[in-house]
Amino acid sequence: MVKVESLKFSIQEISPDSEYLETIMRLGDANSKTLGALPYGAFRRLAGEGFVLGCIASEVGCVGYLLYGISRRCSRVKLTHLCVAQEWRGKGITKLLIQDLRKRTQHLYGILASCRRDYQLDRMWAYLGFVPLHERPGKSKYGSILTEWWFDYGHSDLLTTLAYQKTESRICVAIDANIFFDLVDDENFDEEGKESKVLIADWLKSELELCLTNEINNEISRNEDSKKRKKLRELTSKFTFLPCSQEEFDQACKAIRRFFPENMKDSDHSDLRQIARVISSSIKTSFFVTRDKRLLGIETEIYKEFNLLIIHPIDLIIRLDELRRETEYQPERLVGTDIEEKRIHSGDIDSIIDLFLDNPQGEKKSDFRKKIRQLLSNTEQFKCFTVGRKYEKPIALIVYDRSENGELKIPVFRFRDSKLTPTVLRRCIFKCFSTAASEERQFTRINETYLEDITIAALQEDSFIKTEKGWLRANLAIMQNAADISSYISNICQESGKGYEKYFPFVKILANQELLSKTELMADIERILYPAKIADAEIPTFIIPIQSWFAKDLFDKELASEVLWGSKEEIALKREVVYYCAKRAMQAPGRILWYVSKSGTGKNSSYTLKAIRACSRLDEIVIGKPKDLYRRFRRLGVFNFKDILQIADNDLNKDIMAVKFSDTELFKSPIILEDIKKMLGRNISVQSSSKITVENFKILYNIGTSNTIE
């Protein structure tokens, strides 16, 4: 008798003439009741296509196999059979097969498998790394339910970019399954449920982003009520899912295994997986909120090793003030700075190389010097510049490559570590794709070889997608109806080998007229494709008046008489800022057209005033008392408390409005008040905000940006 311990297992691709193919077909026949009958011809065809893997045990032969196919349209694997001989089950063979399949198909998004729910194999699928996403009726005459299981490879895609955007300016908090069930159960009013519901208090909405991991799908699947499962799956869409790579997730599982019982229950396995997914998430998540006493018991060890704080919801609220004080608000530390963009000259080479050589990642000084010299030698194709304070060492080194009409390539994108770096980094990223859009290039591609983790995280937050040729972002300078943008994207994505096909999911979304009323979805798409505007999307747009004195610091670089940064760097560098006004009927997300009135100093301006001068994304509306709003947003605005109190008619108890907006686009052609009235066919108030129709917005935006009106 052969001992299992002495055997060696290997995974092999089975060819049509393999000695093991007959064994595999017999094994398939023996398990046809659960696998489904498959003709021998299908086995041979799949083998001929290279889609049959066998697990070969030394001295024994083939003990298990899998069959699969590839959906080119969806870029995913479809698992057809996964089978292990009865006497060899429980030896980890299925995991070996799945791991090998993953390595062979790493360029795809993941693996999809279907399995009857009444087979009760949930534990096996979860063990293999799958999560249940959907259910559908099977073909069985007995009315069986098929569960669709998904094994995600963890690649960044257009859906995960939404997660990066949502967690960009809030404290990211992962929640345990028990917290999720408390929050979505409107009938649960017990003490524990109430404790969880503090996380969705109105005053916390602008502070916290509540997130889930994919493990929630396994938790939901344990519910025996099919209607309840369906409802719970739908409710998960209200939360942000934390993305993570499969490799880092596997490593995290191994690293935290010692904190869990030797003999684990299903719930223990689930807890381990969700903690591992939070630790390995590409979105920085410092807090995991739970009511589970056992998980709270390992908080100290987890925090020391992984910097993840496992915390009860009430404790999180109590500590919120402390957490705010620990958060760095970079703009507050930029008072008095003088930021400039400076083109590199040949005499700067030695100092630039010393400052930006990436020694930690093994870059050779000779190679870096050669690269910089080559870039500087062609000033027509490349623009090489630094960004930083005057008279100080530069913070950033950036190179623009304009060799392709449709792309702005950035072969060098490096940042020195400093207190200013996170803020300057995000401003430089915005400048890159804004520049590309202004030059009518549809894409920005950062193909720097040596990127720091902080840079990669910032690129992901700004909707850049990892491709084989660098980090890619679409930046479409168009204002059209959704159907036209859908066709436009479809056309520009036809070119192969550049990663443009990753934007094909938007073709289908934008072609669906029923989705135009989904304000948040349309606003998210506009954010990802910035500066694109979806003309017929139901995104509310408001004309908001602002004095030029405030506009120059919040967004108007022309009025600030600065080409690049503006007069107050601590505000001008920030892409997300706040403006205060009286309480009005406005909602977010939306768009803002800024009507800039006369100068607050009384001085004349060489630029056009009493005109719409810019367009911004309206990210959030917060209504509150003057002191509360000033305390919360003082680092994001130029108003002092006296200004804010004046808006409230010097009444500390009067509600006013904080308007949080971002990524402002300055108009090439400001539109004066008389022209605005003519275009809209009506008078508008320039003393308070005015809501306009989508058609009015299309007209004004196209005039302001000098686009052709179609």
# chains A, B, ... in the order shown; residues from 1 in each chain; ligands from 1
call {"tool": "select_by_dssp", "arguments": {"residues": "segment 544-705 of chain A", "states": "strand (DSSP E or B)", "output": "ChimeraX atom specification"}}
result
/A:544-546,576-582,590-596,611-624,656-672,690-692
call {"tool": "residues_around", "arguments": {"residues": "Gln106 of chain A", "least_positions_apart": "4", "cutoff": "8 Å", "atoms": "only C-alpha atoms", "output": "list in words"}}
result
Arg102, Gly110 and Tyr153 of chain A
call {"tool": "write_last_selection", "arguments": {"atoms": "C-alpha atoms", "output": "PDB file, in the first residue's frame"}}
result
ATOM      1  CA  ARG A 102      -4.900  30.735 -11.338  1.00  0.00           C
ATOM      2  CA  GLY A 110     -10.960  35.495 -12.052  1.00  0.00           C
ATOM      3  CA  TYR A 153      -7.720  37.561  -8.881  1.00  0.00           C
TER       4      TYR A 153
END
call {"tool": "closest_atom_pairs", "arguments": {"of": "segment 480-551 of chain A", "to": "segment 399-419 of chain A", "cutoff": "12 Å", "atoms": "only C-alpha atoms", "output": "tab-separated table"}}
result
residue	atom	partner	partner_atom	distance
A:Ile492	CA	A:Gly406	CA	9.2
A:Cys493	CA	A:Gly406	CA	11.3
A:Glu495	CA	A:Gly406	CA	11.2
A:Lys498	CA	A:Glu407	CA	10.5
A:Tyr500	CA	A:Glu407	CA	11.1
call {"tool": "select_by_dssp", "arguments": {"residues": "segment 68-246 of chain A", "states": "helix (DSSP H, G or I)", "output": "PyMOL selection string"}}
result
chain A and resi 86-88+93-104+117-119+122-128+158-166+177-184+191-200+202-204+215-221+226-238+246
call {"tool": "write_last_selection", "arguments": {"atoms": "C-alpha atoms", "output": "PDB file, in the first residue's frame"}}
result
ATOM      1  CA  GLN A  86     -13.390   9.513  -3.803  1.00  0.00           C
ATOM      2  CA  GLU A  87     -10.456   7.890  -1.994  1.00  0.00           C
ATOM      3  CA  TRP A  88      -8.237  10.969  -2.517  1.00  0.00           C
ATOM      4  CA  ILE A  93      -5.902  18.289  -4.325  1.00  0.00           C
ATOM      5  CA  THR A  94      -8.698  20.680  -5.323  1.00  0.00           C
ATOM      6  CA  LYS A  95      -6.664  23.580  -3.974  1.00  0.00           C
ATOM      7  CA  LEU A  96      -3.617  22.496  -5.965  1.00  0.00           C
ATOM      8  CA  LEU A  97      -5.710  22.411  -9.125  1.00  0.00           C
ATOM      9  CA  ILE A  98      -7.240  25.853  -8.525  1.00  0.00           C
ATOM     10  CA  GLN A  99      -3.854  27.375  -7.663  1.00  0.00           C
ATOM     11  CA  ASP A 100      -2.355  26.045 -10.869  1.00  0.00           C
ATOM     12  CA  LEU A 101      -5.326  27.304 -12.892  1.00  0.00           C
ATOM     13  CA  ARG A 102      -4.900  30.735 -11.338  1.00  0.00           C
ATOM     14  CA  LYS A 103      -1.229  30.875 -12.337  1.00  0.00           C
ATOM     15  CA  ARG A 104      -2.064  29.911 -15.909  1.00  0.00           C
ATOM     16  CA  ARG A 117     -26.855  24.714  -3.465  1.00  0.00           C
ATOM     17  CA  ASP A 118     -28.280  21.395  -2.250  1.00  0.00           C
ATOM     18  CA  TYR A 119     -24.873  19.737  -2.765  1.00  0.00           C
ATOM     19  CA  ASP A 122     -20.165  25.937   0.469  1.00  0.00           C
ATOM     20  CA  ARG A 123     -17.345  25.089   2.865  1.00  0.00           C
ATOM     21  CA  MET A 124     -15.226  23.678   0.045  1.00  0.00           C
ATOM     22  CA  TRP A 125     -15.719  26.677  -2.236  1.00  0.00           C
ATOM     23  CA  ALA A 126     -14.957  29.120   0.571  1.00  0.00           C
ATOM     24  CA  TYR A 127     -11.842  27.089   1.468  1.00  0.00           C
ATOM     25  CA  LEU A 128     -10.674  27.408  -2.139  1.00  0.00           C
ATOM     26  CA  LEU A 158     -13.258  50.228 -13.379  1.00  0.00           C
ATOM     27  CA  LEU A 159     -15.454  49.077 -10.525  1.00  0.00           C
ATOM     28  CA  THR A 160     -12.683  49.189  -7.937  1.00  0.00           C
ATOM     29  CA  THR A 161     -11.827  52.730  -8.950  1.00  0.00           C
ATOM     30  CA  LEU A 162     -15.177  53.768  -7.503  1.00  0.00           C
ATOM     31  CA  ALA A 163     -14.064  52.323  -4.169  1.00  0.00           C
ATOM     32  CA  TYR A 164     -10.865  54.376  -4.269  1.00  0.00           C
ATOM     33  CA  GLN A 165     -12.847  57.511  -5.001  1.00  0.00           C
ATOM     34  CA  LYS A 166     -15.326  56.962  -2.191  1.00  0.00           C
ATOM     35  CA  ALA A 177     -20.726  40.771   9.166  1.00  0.00           C
ATOM     36  CA  ASN A 178     -22.568  41.205  12.471  1.00  0.00           C
ATOM     37  CA  ILE A 179     -22.366  44.992  12.068  1.00  0.00           C
ATOM     38  CA  PHE A 180     -23.626  44.760   8.477  1.00  0.00           C
ATOM     39  CA  PHE A 181     -26.620  42.665   9.520  1.00  0.00           C
ATOM     40  CA  ASP A 182     -27.402  45.167  12.284  1.00  0.00           C
ATOM     41  CA  LEU A 183     -27.250  48.129   9.911  1.00  0.00           C
ATOM     42  CA  VAL A 184     -29.499  46.657   7.212  1.00  0.00           C
ATOM     43  CA  GLU A 191     -29.142  46.918  22.371  1.00  0.00           C
ATOM     44  CA  GLU A 192     -26.446  45.452  20.157  1.00  0.00           C
ATOM     45  CA  GLY A 193     -28.259  46.571  17.020  1.00  0.00           C
ATOM     46  CA  LYS A 194     -28.518  50.111  18.383  1.00  0.00           C
ATOM     47  CA  GLU A 195     -24.801  50.130  19.148  1.00  0.00           C
ATOM     48  CA  SER A 196     -24.019  49.251  15.547  1.00  0.00           C
ATOM     49  CA  LYS A 197     -26.418  51.845  14.152  1.00  0.00           C
ATOM     50  CA  VAL A 198     -24.389  54.705  15.663  1.00  0.00           C
ATOM     51  CA  LEU A 199     -22.120  54.264  12.634  1.00  0.00           C
ATOM     52  CA  ILE A 200     -24.789  55.651  10.302  1.00  0.00           C
ATOM     53  CA  ASP A 202     -26.020  61.839  10.092  1.00  0.00           C
ATOM     54  CA  TRP A 203     -23.056  63.684  11.588  1.00  0.00           C
ATOM     55  CA  LEU A 204     -20.726  60.815  10.693  1.00  0.00           C
ATOM     56  CA  GLU A 215     -16.360  37.478   2.765  1.00  0.00           C
ATOM     57  CA  ILE A 216     -19.780  38.980   3.470  1.00  0.00           C
ATOM     58  CA  ASN A 217     -21.072  36.868   0.559  1.00  0.00           C
ATOM     59  CA  ASN A 218     -20.123  33.665   2.380  1.00  0.00           C
ATOM     60  CA  GLU A 219     -21.858  34.925   5.518  1.00  0.00           C
ATOM     61  CA  ILE A 220     -25.026  35.713   3.561  1.00  0.00           C
ATOM     62  CA  SER A 221     -24.964  32.329   1.842  1.00  0.00           C
ATOM     63  CA  SER A 226     -33.554  32.383  -0.331  1.00  0.00           C
ATOM     64  CA  LYS A 227     -35.555  35.621  -0.292  1.00  0.00           C
ATOM     65  CA  LYS A 228     -33.512  36.907   2.612  1.00  0.00           C
ATOM     66  CA  ARG A 229     -30.269  36.007   0.834  1.00  0.00           C
ATOM     67  CA  LYS A 230     -31.360  37.926  -2.254  1.00  0.00           C
ATOM     68  CA  LYS A 231     -32.313  40.991  -0.235  1.00  0.00           C
ATOM     69  CA  LEU A 232     -29.062  40.974   1.729  1.00  0.00           C
ATOM     70  CA  ARG A 233     -26.994  40.706  -1.452  1.00  0.00           C
ATOM     71  CA  GLU A 234     -28.826  43.705  -2.857  1.00  0.00           C
ATOM     72  CA  LEU A 235     -28.161  45.671   0.337  1.00  0.00           C
ATOM     73  CA  THR A 236     -24.407  45.112   0.101  1.00  0.00           C
ATOM     74  CA  SER A 237     -24.398  47.522  -2.865  1.00  0.00           C
ATOM     75  CA  LYS A 238     -24.913  50.369  -0.389  1.00  0.00           C
ATOM     76  CA  GLN A 246      -5.150  37.216  -4.135  1.00  0.00           C
TER      77      GLN A 246
END
call {"tool": "residues_around", "arguments": {"residues": "Thr80 of chain A", "least_positions_apart": "3", "cutoff": "8 Å", "atoms": "only C-alpha atoms", "output": "list of chain:residue names"}}
result
A:Leu66, A:Leu67, A:Tyr68, A:Gly69, A:Ala113
call {"tool": "residues_around", "arguments": {"residues": "Arg26 of chain A", "least_positions_apart": "5", "cutoff": "12 Å", "atoms": "only C-alpha atoms", "output": "ChimeraX atom specification"}}
result
/A:20-21,31-32,37-40,43,62-65,83-85
call {"tool": "closest_residue", "arguments": {"among": "A:Tyr450, A:Phe661, A:Tyr701, A:Phe51", "to": "Phe356 of chain A", "atoms": "only C-alpha atoms"}}
result
A:Tyr450
call {"tool": "closest_residue", "arguments": {"among": "A:Ser438, A:Leu459, A:Lys364, A:Arg634", "to": "Ser706 of chain A", "atoms": "only C-alpha atoms"}}
result
A:Ser438
call {"tool": "residues_around", "arguments": {"residues": "Glu576 of chain A", "least_positions_apart": "3", "cutoff": "7 Å", "atoms": "only C-alpha atoms", "output": "list in words"}}
result
Lys660, Phe661, Ser662 and Asp663 of chain A
call {"tool": "closest_residue", "arguments": {"among": "A:Gly388, A:Pro531, A:Gly637, A:Gly129", "to": "Phe433 of chain A", "atoms": "only C-alpha atoms"}}
result
A:Pro531
call {"tool": "residues_around", "arguments": {"residues": "Ile612 of chain A", "least_positions_apart": "4", "cutoff": "12 Å", "atoms": "only C-alpha atoms", "output": "PyMOL selection string"}}
result
chain A and resi 542-548+551+556+592-597+607-608+616+665-677+686+697+700-701+703-705
call {"tool": "closest_residue", "arguments": {"among": "A:Lys552, A:Lys508, A:Arg136, A:Lys642", "to": "Ile489 of chain A", "atoms": "only C-alpha atoms"}}
result
A:Lys508
